[in-house]
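Asks: File name data01.txt; file contents compact mmCIF, C-alpha atoms; full text below.
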```
# COMPACT_ATOMS: atom_id res chain seq x y z
CA MET A 1 0.00 0.00 0.00
CA SER A 2 1.38 3.41 -0.93
CA GLU A 3 1.75 6.29 1.54
CA SER A 4 -1.01 8.31 -0.14
CA ASN A 5 -4.37 8.67 1.56
CA HIS A 6 -6.88 5.85 1.25
CA TYR A 7 -10.54 5.76 2.21
CA THR A 8 -12.56 3.01 3.85
CA LYS A 9 -16.05 2.63 2.46
CA VAL A 10 -18.80 2.20 5.05
CA PRO A 11 -22.40 1.31 4.07
CA THR A 12 -24.42 4.51 4.32
CA SER A 13 -28.13 5.11 4.12
CA LEU A 14 -30.51 8.01 4.57
CA VAL A 15 -33.12 7.31 7.22
CA GLY A 16 -36.37 9.15 7.64
CA PRO A 17 -37.88 11.45 7.00
CA LEU A 18 -37.82 12.57 10.61
CA TYR A 19 -40.58 14.95 11.64
CA PHE A 20 -39.86 17.43 14.43
CA LYS A 21 -42.77 19.10 16.13
CA ALA A 22 -40.19 21.45 17.65
CA MET A 23 -36.45 22.00 18.04
CA HIS A 24 -35.96 24.07 21.20
CA ASP A 25 -32.73 26.02 21.65
CA ARG A 26 -32.11 28.17 24.70
CA GLU A 27 -33.17 31.37 22.93
CA HIS A 28 -35.47 30.26 20.12
CA THR A 29 -37.64 27.41 18.84
CA ILE A 30 -38.03 26.04 15.32
CA THR A 31 -41.24 24.15 14.58
CA ASP A 32 -42.55 21.83 11.88
CA VAL A 33 -39.24 20.47 10.53
CA THR A 34 -38.98 17.50 8.17
CA LEU A 35 -35.64 16.04 7.07
CA SER A 36 -33.75 12.82 6.43
CA ALA A 37 -30.37 12.03 8.00
CA PRO A 38 -27.47 9.74 7.00
CA LEU A 39 -26.13 6.83 9.01
CA ALA A 40 -22.87 5.01 8.14
CA THR A 41 -22.45 1.58 9.69
CA TYR A 42 -21.67 -2.04 8.96
CA GLU A 43 -24.56 -3.00 11.24
CA THR A 44 -27.11 -2.51 8.48
CA THR A 45 -30.05 -3.62 10.60
CA LEU A 46 -29.65 -0.18 12.20
CA PHE A 47 -31.04 1.46 9.07
CA HIS A 48 -34.27 -0.48 9.43
CA SER A 49 -34.49 -0.01 13.19
CA VAL A 50 -33.96 3.75 13.16
CA GLY A 51 -36.26 3.94 10.16
CA ARG A 52 -39.05 2.39 12.21
CA GLY A 53 -38.53 4.99 14.91
CA ALA A 54 -38.50 7.73 12.27
CA LYS A 55 -41.85 6.47 11.00
CA LEU A 56 -43.26 7.04 14.49
CA THR A 57 -42.11 10.67 14.39
CA ARG A 58 -44.29 11.17 11.32
CA LEU A 59 -47.26 9.25 12.68
CA THR A 60 -47.28 10.87 16.11
CA GLN A 61 -45.97 14.33 15.13
CA THR A 62 -44.89 14.74 18.76
CA LEU A 63 -41.08 14.62 18.56
CA GLU A 64 -39.46 17.51 20.43
CA THR A 65 -35.76 18.09 21.06
CA THR A 66 -34.29 20.53 23.56
CA LEU A 67 -30.77 21.94 23.85
CA ILE A 68 -30.01 22.25 27.59
CA SER A 69 -26.43 23.56 27.45
CA ASP A 70 -23.58 23.93 24.97
CA HIS A 71 -19.90 24.11 25.84
CA MET A 72 -16.60 22.41 25.06
CA THR A 73 -14.22 21.89 27.96
CA ARG A 74 -10.51 21.66 28.59
CA SER A 75 -8.88 21.26 32.02
CA VAL A 76 -5.37 22.45 32.78
CA LEU A 77 -3.41 21.07 35.70
CA PHE A 78 -1.04 22.90 38.04
CA GLU A 79 1.09 21.59 40.87
CA CYS A 80 1.24 24.03 43.79
CA ARG A 81 3.37 24.20 46.93
CA ASP A 82 0.44 23.16 49.11
CA ALA A 83 -3.36 23.04 49.28
CA LEU A 84 -3.62 26.66 50.44
CA GLU A 85 -1.84 27.88 47.35
CA ALA A 86 -4.06 25.64 45.20
CA LEU A 87 -7.08 27.32 46.81
CA ARG A 88 -5.69 30.78 46.03
CA VAL A 89 -5.15 29.82 42.38
CA SER A 90 -8.68 28.42 42.19
CA ASP A 91 -10.16 31.61 43.68
CA TYR A 92 -8.12 33.80 41.33
CA VAL A 93 -9.29 31.92 38.26
CA LYS A 94 -12.97 32.09 39.24
CA GLN A 95 -12.70 35.85 39.84
CA HIS A 96 -11.13 36.66 36.45
CA ILE A 97 -13.27 34.83 33.90
CA ASP A 98 -14.33 38.04 32.11
CA GLU A 99 -10.73 39.25 31.99
CA PHE A 100 -9.56 35.93 30.57
CA GLN A 101 -12.15 36.24 27.79
CA THR A 102 -11.37 39.81 26.78
CA GLN A 103 -7.60 39.77 27.26
CA ILE A 104 -6.67 36.22 26.25
CA VAL A 105 -9.37 34.03 24.68
CA SER A 106 -10.60 36.64 22.19
CA LYS A 107 -7.05 37.07 20.89
CA HIS A 108 -6.70 33.36 20.14
CA SER A 109 -10.13 32.66 18.66
CA LYS A 110 -12.91 34.69 17.02
CA TYR A 111 -15.49 32.14 18.09
CA ALA A 112 -14.53 30.75 21.51
CA LYS A 113 -16.25 32.35 24.50
CA LEU A 114 -15.23 31.36 28.02
CA LYS A 115 -18.44 30.84 30.01
CA LYS A 116 -17.39 29.23 33.30
CA VAL A 117 -14.61 27.50 35.19
CA ASP A 118 -15.00 24.52 37.52
CA THR A 119 -12.09 23.69 39.81
CA HIS A 120 -11.04 20.67 41.83
CA ILE A 121 -8.21 20.41 44.35
CA ILE A 122 -6.40 17.19 45.25
CA ALA A 123 -3.67 17.78 47.84
CA ASN A 124 -1.41 20.34 46.16
CA LEU A 125 -2.83 19.78 42.66
CA VAL A 126 -5.41 22.15 41.19
CA TYR A 127 -7.50 21.13 38.17
CA LEU A 128 -9.12 23.98 36.24
CA ARG A 129 -11.96 22.95 33.90
CA PHE A 130 -12.63 25.74 31.38
CA ALA A 131 -15.95 25.64 29.51
CA TYR A 132 -16.30 27.49 26.19
CA GLU A 133 -19.00 28.20 23.66
CA THR A 134 -17.38 27.37 20.31
CA GLY A 135 -19.86 28.36 17.59
CA ASN A 136 -20.25 25.83 14.80
CA ALA A 137 -17.00 24.01 15.65
CA SER A 138 -16.92 21.04 17.98
CA GLY A 139 -14.26 23.11 19.71
CA HIS A 140 -11.55 20.63 20.69
CA ASN A 141 -8.67 22.67 19.28
CA MET A 142 -9.86 26.18 20.06
CA SER A 143 -10.59 25.26 23.68
CA THR A 144 -7.14 23.70 23.98
CA PHE A 145 -5.37 26.72 22.47
CA ALA A 146 -7.31 29.17 24.65
CA SER A 147 -6.77 27.13 27.83
CA ASP A 148 -3.05 26.87 27.19
CA ALA A 149 -2.85 30.65 26.79
CA ILE A 150 -4.76 31.18 30.04
CA ALA A 151 -2.41 28.73 31.78
CA VAL A 152 0.60 30.77 30.65
CA HIS A 153 -1.03 33.89 32.12
CA ILE A 154 -1.75 32.09 35.41
CA ASN A 155 1.89 30.98 35.54
CA ASP A 156 2.94 34.62 35.12
CA ILE A 157 0.79 35.62 38.10
CA PHE A 158 1.93 32.61 40.16
CA PRO A 159 5.46 31.91 38.85
CA GLN A 160 6.16 29.32 41.54
CA LEU A 161 3.50 26.98 40.10
CA ASN A 162 4.48 23.92 38.07
CA TYR A 163 2.37 23.80 34.90
CA ILE A 164 1.82 20.04 34.51
CA SER A 165 -0.49 19.67 31.50
CA VAL A 166 -2.94 21.48 29.24
CA SER A 167 -5.20 18.45 29.71
CA GLY A 168 -5.49 17.12 33.25
CA ASN A 169 -8.30 14.59 32.54
CA PHE A 170 -10.88 16.69 34.38
CA CYS A 171 -12.18 17.76 30.93
CA ILE A 172 -12.67 14.81 30.17
CA ASP A 173 -12.02 13.92 26.53
CA LYS A 174 -13.14 10.61 24.96
CA LYS A 175 -13.43 8.74 28.24
CA THR A 176 -16.43 7.88 30.40
CA SER A 177 -16.78 10.02 33.51
CA SER A 178 -19.23 11.33 36.04
CA VAL A 179 -18.13 14.94 35.53
CA ASN A 180 -19.19 15.00 31.86
CA ALA A 181 -22.49 13.32 32.62
CA ILE A 182 -23.25 15.84 35.36
CA LEU A 183 -21.81 19.07 33.94
CA GLY A 184 -22.03 18.21 30.23
CA ARG A 185 -19.42 18.37 27.50
CA GLY A 186 -20.51 19.42 24.05
CA LYS A 187 -24.24 19.75 23.62
CA HIS A 188 -26.57 18.47 26.34
CA MET A 189 -29.70 17.28 24.55
CA VAL A 190 -33.10 15.85 25.48
CA ALA A 191 -35.43 14.25 22.91
CA SER A 192 -38.96 13.10 23.70
CA MET A 193 -41.99 11.66 21.96
CA ARG A 194 -45.57 10.85 22.97
CA ILE A 195 -46.89 7.61 21.44
CA SER A 196 -50.47 6.42 21.70
CA ARG A 197 -51.28 2.91 22.85
CA ALA A 198 -52.74 2.17 19.42
CA LEU A 199 -49.49 3.10 17.65
CA CYS A 200 -47.43 1.15 20.19
CA GLU A 201 -49.46 -1.94 19.35
CA SER A 202 -49.75 -1.48 15.57
CA THR A 203 -46.32 -0.07 14.63
CA LEU A 204 -44.04 -1.21 17.46
CA ARG A 205 -45.92 -4.44 18.23
CA THR A 206 -45.69 -3.79 21.95
CA THR A 207 -47.47 -1.91 24.74
CA PRO A 208 -46.56 1.11 26.86
CA GLU A 209 -46.41 -1.14 29.93
CA LYS A 210 -43.89 -3.50 28.33
CA ILE A 211 -41.59 -0.62 27.35
CA VAL A 212 -41.71 0.98 30.79
CA ASP A 213 -41.09 -2.36 32.52
CA LEU A 214 -38.20 -3.28 30.22
CA ASN A 215 -36.59 0.13 30.63
CA LEU A 216 -36.63 -0.28 34.40
CA LYS A 217 -35.30 -3.83 34.48
CA LYS A 218 -32.83 -3.65 31.57
CA ASN A 219 -31.62 -0.06 31.25
CA MET A 220 -31.90 1.05 34.86
CA ILE A 221 -31.27 -1.99 37.06
CA GLY A 222 -29.10 -3.74 34.47
CA SER A 223 -26.85 -0.69 34.21
CA ILE A 224 -26.56 -0.46 38.00
CA ILE A 225 -25.43 -4.05 38.44
CA SER A 226 -23.00 -3.76 35.52
CA GLY A 227 -21.36 -0.71 37.10
CA GLY A 228 -22.42 1.74 34.38
CA VAL A 229 -21.10 5.28 34.93
CA GLN A 230 -23.95 7.79 34.97
CA THR A 231 -25.64 5.92 32.12
CA ALA A 232 -28.74 3.80 31.53
CA ASN A 233 -29.56 3.09 27.90
CA ALA A 234 -29.74 0.26 25.40
CA HIS A 235 -27.49 1.39 22.53
CA PHE A 236 -27.01 5.15 22.17
CA ALA A 237 -23.53 4.54 20.72
CA ASN A 238 -24.88 2.74 17.65
CA MET A 239 -26.82 5.74 16.35
CA LEU A 240 -24.27 8.33 17.39
CA LEU A 241 -21.29 6.64 15.76
CA ALA A 242 -23.21 5.99 12.54
CA PHE A 243 -24.26 9.64 12.41
CA TYR A 244 -20.79 10.92 13.34
CA ILE A 245 -19.06 8.90 10.61
CA ALA A 246 -21.60 9.93 7.96
CA THR A 247 -21.15 13.63 8.77
CA GLY A 248 -17.38 13.89 9.23
CA GLN A 249 -17.30 14.02 13.04
CA ASP A 250 -14.68 12.64 15.41
CA GLY A 251 -15.96 9.11 15.97
CA ALA A 252 -14.04 8.69 19.25
CA ASN A 253 -16.45 11.15 20.87
CA ILE A 254 -19.04 8.40 21.14
CA VAL A 255 -17.21 7.31 24.30
CA GLU A 256 -18.67 10.19 26.30
CA GLY A 257 -21.56 10.57 23.86
CA SER A 258 -22.89 7.12 24.66
CA GLN A 259 -23.43 8.17 28.27
CA GLY A 260 -27.08 9.00 28.73
CA ILE A 261 -30.37 7.94 30.21
CA THR A 262 -33.51 6.51 28.63
CA HIS A 263 -36.67 7.36 30.55
CA ALA A 264 -40.13 6.00 29.79
CA TYR A 265 -43.46 6.44 31.55
CA ILE A 266 -47.20 6.37 30.87
CA ASP A 267 -49.33 9.51 30.77
CA HIS A 268 -53.06 9.41 29.95
CA ASP A 269 -52.58 5.94 28.43
CA ASP A 270 -49.83 7.20 26.10
CA LEU A 271 -46.17 6.16 26.23
CA ILE A 272 -43.79 9.06 26.89
CA PHE A 273 -40.38 7.98 25.64
CA THR A 274 -37.32 10.18 26.21
CA VAL A 275 -33.55 10.10 25.82
CA THR A 276 -31.13 12.45 27.58
CA LEU A 277 -27.63 12.86 26.13
CA PRO A 278 -25.36 15.27 28.03
CA ASN A 279 -22.35 14.87 25.73
CA ILE A 280 -23.17 15.20 22.03
CA ILE A 281 -20.09 16.61 20.30
CA VAL A 282 -20.67 17.77 16.72
CA GLY A 283 -19.51 20.57 14.46
CA THR A 284 -20.09 21.82 10.95
CA VAL A 285 -16.62 23.32 10.48
CA GLY A 286 -13.18 21.86 11.13
CA HIS A 287 -11.48 18.56 10.38
CA GLY A 288 -13.46 16.17 8.18
CA LYS A 289 -16.26 18.60 7.37
CA ASP A 290 -14.86 19.54 3.96
CA VAL A 291 -15.07 15.95 2.69
CA SER A 292 -17.67 16.00 -0.06
CA ASP A 293 -19.99 13.35 1.36
CA ALA A 294 -20.07 14.94 4.82
CA ASN A 295 -20.54 18.41 3.37
CA LEU A 296 -23.39 17.30 1.12
CA ALA A 297 -25.06 15.59 4.08
CA MET A 298 -24.89 18.75 6.17
CA GLN A 299 -26.30 20.80 3.31
CA ALA A 300 -29.18 18.36 2.85
CA MET A 301 -30.04 18.56 6.56
CA GLY A 302 -29.93 22.37 6.58
CA CYS A 303 -26.90 22.45 8.87
CA THR A 304 -24.72 24.97 7.05
CA GLY A 305 -26.11 28.14 8.66
CA SER A 306 -25.06 30.05 11.75
CA ASP A 307 -26.82 27.53 14.01
CA GLY A 308 -25.71 24.48 12.03
CA ALA A 309 -23.93 22.66 14.86
CA SER A 310 -26.86 22.98 17.25
CA ARG A 311 -29.23 21.76 14.52
CA MET A 312 -26.98 18.72 14.06
CA ALA A 313 -27.23 18.01 17.79
CA HIS A 314 -31.03 18.07 17.56
CA ILE A 315 -30.87 15.59 14.68
CA ALA A 316 -28.42 13.35 16.54
CA ALA A 317 -30.69 13.26 19.60
CA ALA A 318 -33.69 12.42 17.44
CA LEU A 319 -31.84 9.56 15.73
CA VAL A 320 -30.83 8.16 19.10
CA LEU A 321 -34.43 8.30 20.29
CA CYS A 322 -35.66 6.55 17.14
CA GLY A 323 -33.12 3.74 17.38
CA GLU A 324 -33.52 3.34 21.13
CA LEU A 325 -37.32 3.15 20.89
CA SER A 326 -37.20 0.63 18.08
CA LEU A 327 -34.71 -1.66 19.84
CA MET A 328 -36.57 -1.50 23.14
CA SER A 329 -39.75 -2.43 21.32
CA ALA A 330 -38.04 -5.38 19.64
CA LEU A 331 -36.56 -6.56 22.94
CA SER A 332 -39.98 -6.49 24.58
CA ASN A 333 -40.97 -9.29 22.16
CA PRO A 334 -39.02 -12.55 22.61
CA HIS A 335 -36.93 -13.52 19.54
CA GLU A 336 -37.85 -10.44 17.43
CA LEU A 337 -34.33 -9.03 17.55
CA THR A 338 -32.63 -12.29 16.58
CA ARG A 339 -35.09 -12.89 13.76
CA ALA A 340 -34.49 -9.38 12.41
CA HIS A 341 -30.71 -9.85 12.37
CA GLN A 342 -31.01 -13.23 10.69
CA SER A 343 -33.36 -12.01 7.98
CA ILE A 344 -31.53 -8.74 7.24
CA GLU A 345 -27.84 -9.46 7.86
CA ARG A 346 -27.43 -13.22 7.66
CA LYS A 347 -30.20 -14.04 5.23
CA GLY A 348 -31.35 -16.82 7.53
CA GLU A 349 -28.01 -18.62 7.43
CA ILE A 350 -26.77 -20.49 10.49
CA GLU A 351 -23.10 -20.05 11.40
```
Rewrite the structure of this file - the entire thing - as structure tokens.

Replies:
Amino acid sequence: MSESNHYTKVPTSLVGPLYFKAMHDREHTITDVTLSAPLATYETTLFHSVGRGAKLTRLTQTLETTLISDHMTRSVLFECRDALEALRVSDYVKQHIDEFQTQIVSKHSKYAKLKKVDTHIIANLVYLRFAYETGNASGHNMSTFASDAIAVHINDIFPQLNYISVSGNFCIDKKTSSVNAILGRGKHMVASMRISRALCESTLRTTPEKIVDLNLKKNMIGSIISGGVQTANAHFANMLLAFYIATGQDGANIVEGSQGITHAYIDHDDLIFTVTLPNIIVGTVGHGKDVSDANLAMQAMGCTGSDGASRMAHIAAALVLCGELSLMSALSNPHELTRAHQSIERKGEIE
């Protein structure tokens, strides 16, 4: 194989259309949105499964997605003389957020905006977790550059400090953690849908009671006994990775992205099915986004405007809901999942 670039082909399919009753951002809401979205995966049964969930969005017309928060994080690490000095550094940083933005961050990026700093002290070590709004970029690089510049400034104010690392793992990047699940990293999304009993029975071949019961015993209790970290879901990672690959995202971000909670309950005889994803990391600019297939996909989904990255997060959350609902429905019926995989992927063959 030569040293020139090569490309791996992954089966890709448009699923949908998805119908959104509403996409809620923090400052505005978009209603009545219809679009299809690409998934790239070798697990081709996923196309059919998410497609079934997408069909429900059109039949119910109740899908709503909500952006809770939006920030990329980077944590720098300093070694101090003692815990008292670490406390003084922590206090200084919290008191100068606005100054950091105007004097440092704005000079390193036109788009990054420092919004908050969370700190943690272990003995004489101080971890500073900077959280930035990053526009349409996922923000990995700009948050790193800005944090490194702030660290240099802190070292000028406290020259006795030992600057250990621009990433102290309190961020935390591409690893499961409680801090990301609680504070969020990327876009914190919630997607929900109301499904009538009649549609549960006719389209999903299940009942609201079966879904609620399975969610409790599989996703909730099963995740507890397995030692899941701030997570209780069936397969968020499947939909997220397929969407990330199809749209030129950093696939490794499914590690924190797959953390999330599926919640289901019954209201007035309808099934309320929701997914909460605190760590969706997507962007419409940056590495991988200029590849023709990814760029065409973003154009087709209407994600090339000033709010393109947040729109992508709404779509990602909706795809996760569709795939999660479909799998949970299949699992509530003995043997449905295995039959589906045999008929679609293995053509009924026995290995």

Asks: For Asp70 of chain A, which residue out of A:Ala86, A:Ile280, A:Leu331, A:Ala317 is the nearest one, using only C-alpha atoms?

Replies: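 The shortest atom-to-atom distance to Asp70 of chain A comes from A:Ile280.
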
Asks: I'd like the interatomic distance between atom CA of Thr45 of chain A and atom CA of Phe273 of chain A, to a tenth of an Å.

Replies: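 Between atom CA of Thr45 of chain A and atom CA of Phe273 of chain A the gap works out to 21.6 Å.
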
Asks: Within 10 Å of segment 143-166 of chain A, which residues of segment 83-111 of chain A come that close, and what is the closest atom pair and distance in Å for each? Count only C-alpha atoms and give it as a Markdown table.

Replies:
```
| residue | atom | partner | partner_atom | distance |
| --- | --- | --- | --- | --- |
| A:Glu85 | CA | A:Leu161 | CA | 9.0 |
| A:Ala86 | CA | A:Leu161 | CA | 9.2 |
| A:Arg88 | CA | A:Phe158 | CA | 9.8 |
| A:Val89 | CA | A:Phe158 | CA | 7.9 |
| A:Tyr92 | CA | A:Ile154 | CA | 8.9 |
| A:Val93 | CA | A:Ile154 | CA | 8.1 |
| A:Phe100 | CA | A:Ile150 | CA | 6.8 |
| A:Gln101 | CA | A:Ala146 | CA | 9.1 |
| A:Gln103 | CA | A:Ile150 | CA | 9.5 |
| A:Ile104 | CA | A:Ile150 | CA | 6.6 |
| A:Val105 | CA | A:Ala146 | CA | 5.3 |
| A:Ser106 | CA | A:Ala146 | CA | 8.5 |
| A:Lys107 | CA | A:Ala146 | CA | 8.8 |
| A:His108 | CA | A:Ala146 | CA | 6.2 |
| A:Ser109 | CA | A:Ala146 | CA | 7.5 |
```

Asks: Which one of A:Gly323, A:Gly305, A:Gly260, A:Gly184 sits closest to Val285 of chain A if you count all atoms listed in the file?

Replies: A:Gly305

Asks: Which residue, A:Val126, A:Ala264, A:Leu214, A:Met298, has the smallest gap to Leu87 of chain A when you use only C-alpha atoms?

Replies: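 Of A:Val126, A:Ala264, A:Leu214, A:Met298, the one nearest Leu87 of chain A, counting only C-alpha atoms, is A:Val126.
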
Asks: As a list in words, please: the residues near Gly302 of chain A (cut-off 12 Å, only C-alpha atoms, same-chain neighbours under 2 positions excluded).

Replies: Val33, Thr34, Leu35, Ser36, Ala37, Thr284, Asn295, Leu296, Ala297, Met298, Gln299, Ala300, Thr304, Gly305, Ser306, Asp307, Gly308, Ala309, Ser310, Arg311, Met312, His314 and Ile315 of chain A

Asks: I need the chosen residues saved as a PDB file, in the coordinates of the input, with C-alpha atoms.

Replies:
```
ATOM      1  CA  VAL A  33     -39.240  20.470  10.530  1.00  0.00           C
ATOM      2  CA  THR A  34     -38.980  17.500   8.170  1.00  0.00           C
ATOM      3  CA  LEU A  35     -35.640  16.040   7.070  1.00  0.00           C
ATOM      4  CA  SER A  36     -33.750  12.820   6.430  1.00  0.00           C
ATOM      5  CA  ALA A  37     -30.370  12.030   8.000  1.00  0.00           C
ATOM      6  CA  THR A 284     -20.090  21.820  10.950  1.00  0.00           C
ATOM      7  CA  ASN A 295     -20.540  18.410   3.370  1.00  0.00           C
ATOM      8  CA  LEU A 296     -23.390  17.300   1.120  1.00  0.00           C
ATOM      9  CA  ALA A 297     -25.060  15.590   4.080  1.00  0.00           C
ATOM     10  CA  MET A 298     -24.890  18.750   6.170  1.00  0.00           C
ATOM     11  CA  GLN A 299     -26.300  20.800   3.310  1.00  0.00           C
ATOM     12  CA  ALA A 300     -29.180  18.360   2.850  1.00  0.00           C
ATOM     13  CA  THR A 304     -24.720  24.970   7.050  1.00  0.00           C
ATOM     14  CA  GLY A 305     -26.110  28.140   8.660  1.00  0.00           C
ATOM     15  CA  SER A 306     -25.060  30.050  11.750  1.00  0.00           C
ATOM     16  CA  ASP A 307     -26.820  27.530  14.010  1.00  0.00           C
ATOM     17  CA  GLY A 308     -25.710  24.480  12.030  1.00  0.00           C
ATOM     18  CA  ALA A 309     -23.930  22.660  14.860  1.00  0.00           C
ATOM     19  CA  SER A 310     -26.860  22.980  17.250  1.00  0.00           C
ATOM     20  CA  ARG A 311     -29.230  21.760  14.520  1.00  0.00           C
ATOM     21  CA  MET A 312     -26.980  18.720  14.060  1.00  0.00           C
ATOM     22  CA  HIS A 314     -31.030  18.070  17.560  1.00  0.00           C
ATOM     23  CA  ILE A 315     -30.870  15.590  14.680  1.00  0.00           C
TER      24      ILE A 315
END
```

Asks: Please supply segment 190-202 of chain A, rebuilt with N, CA and C atoms, as a compact mmCIF listing (two decimals), keeping the file's coordinate frame.

Replies:
```txt
# COMPACT_ATOMS: atom_id res chain seq x y z
N VAL A 190 -31.99 16.72 25.08
CA VAL A 190 -33.10 15.85 25.48
C VAL A 190 -34.03 15.72 24.28
N ALA A 191 -34.43 14.49 23.97
CA ALA A 191 -35.43 14.25 22.91
C ALA A 191 -36.57 13.45 23.52
N SER A 192 -37.79 13.78 23.13
CA SER A 192 -38.96 13.10 23.70
C SER A 192 -40.05 12.93 22.65
N MET A 193 -40.89 11.91 22.87
CA MET A 193 -41.99 11.66 21.96
C MET A 193 -43.15 11.01 22.73
N ARG A 194 -44.36 11.43 22.42
CA ARG A 194 -45.57 10.85 22.97
C ARG A 194 -46.16 9.89 21.94
N ILE A 195 -46.41 8.64 22.36
CA ILE A 195 -46.89 7.61 21.44
C ILE A 195 -48.16 6.99 22.01
N SER A 196 -49.20 6.99 21.23
CA SER A 196 -50.47 6.42 21.70
C SER A 196 -50.36 4.91 21.87
N ARG A 197 -51.25 4.37 22.67
CA ARG A 197 -51.28 2.91 22.85
C ARG A 197 -51.53 2.22 21.51
N ALA A 198 -52.41 2.79 20.71
CA ALA A 198 -52.74 2.17 19.42
C ALA A 198 -51.51 2.07 18.52
N LEU A 199 -50.68 3.13 18.48
CA LEU A 199 -49.49 3.10 17.65
C LEU A 199 -48.42 2.17 18.25
N CYS A 200 -48.34 2.11 19.55
CA CYS A 200 -47.43 1.15 20.19
C CYS A 200 -47.76 -0.27 19.72
N GLU A 201 -49.03 -0.58 19.69
CA GLU A 201 -49.46 -1.94 19.35
C GLU A 201 -49.35 -2.20 17.85
N SER A 202 -49.71 -1.23 17.02
CA SER A 202 -49.75 -1.48 15.57
C SER A 202 -48.38 -1.35 14.91
```
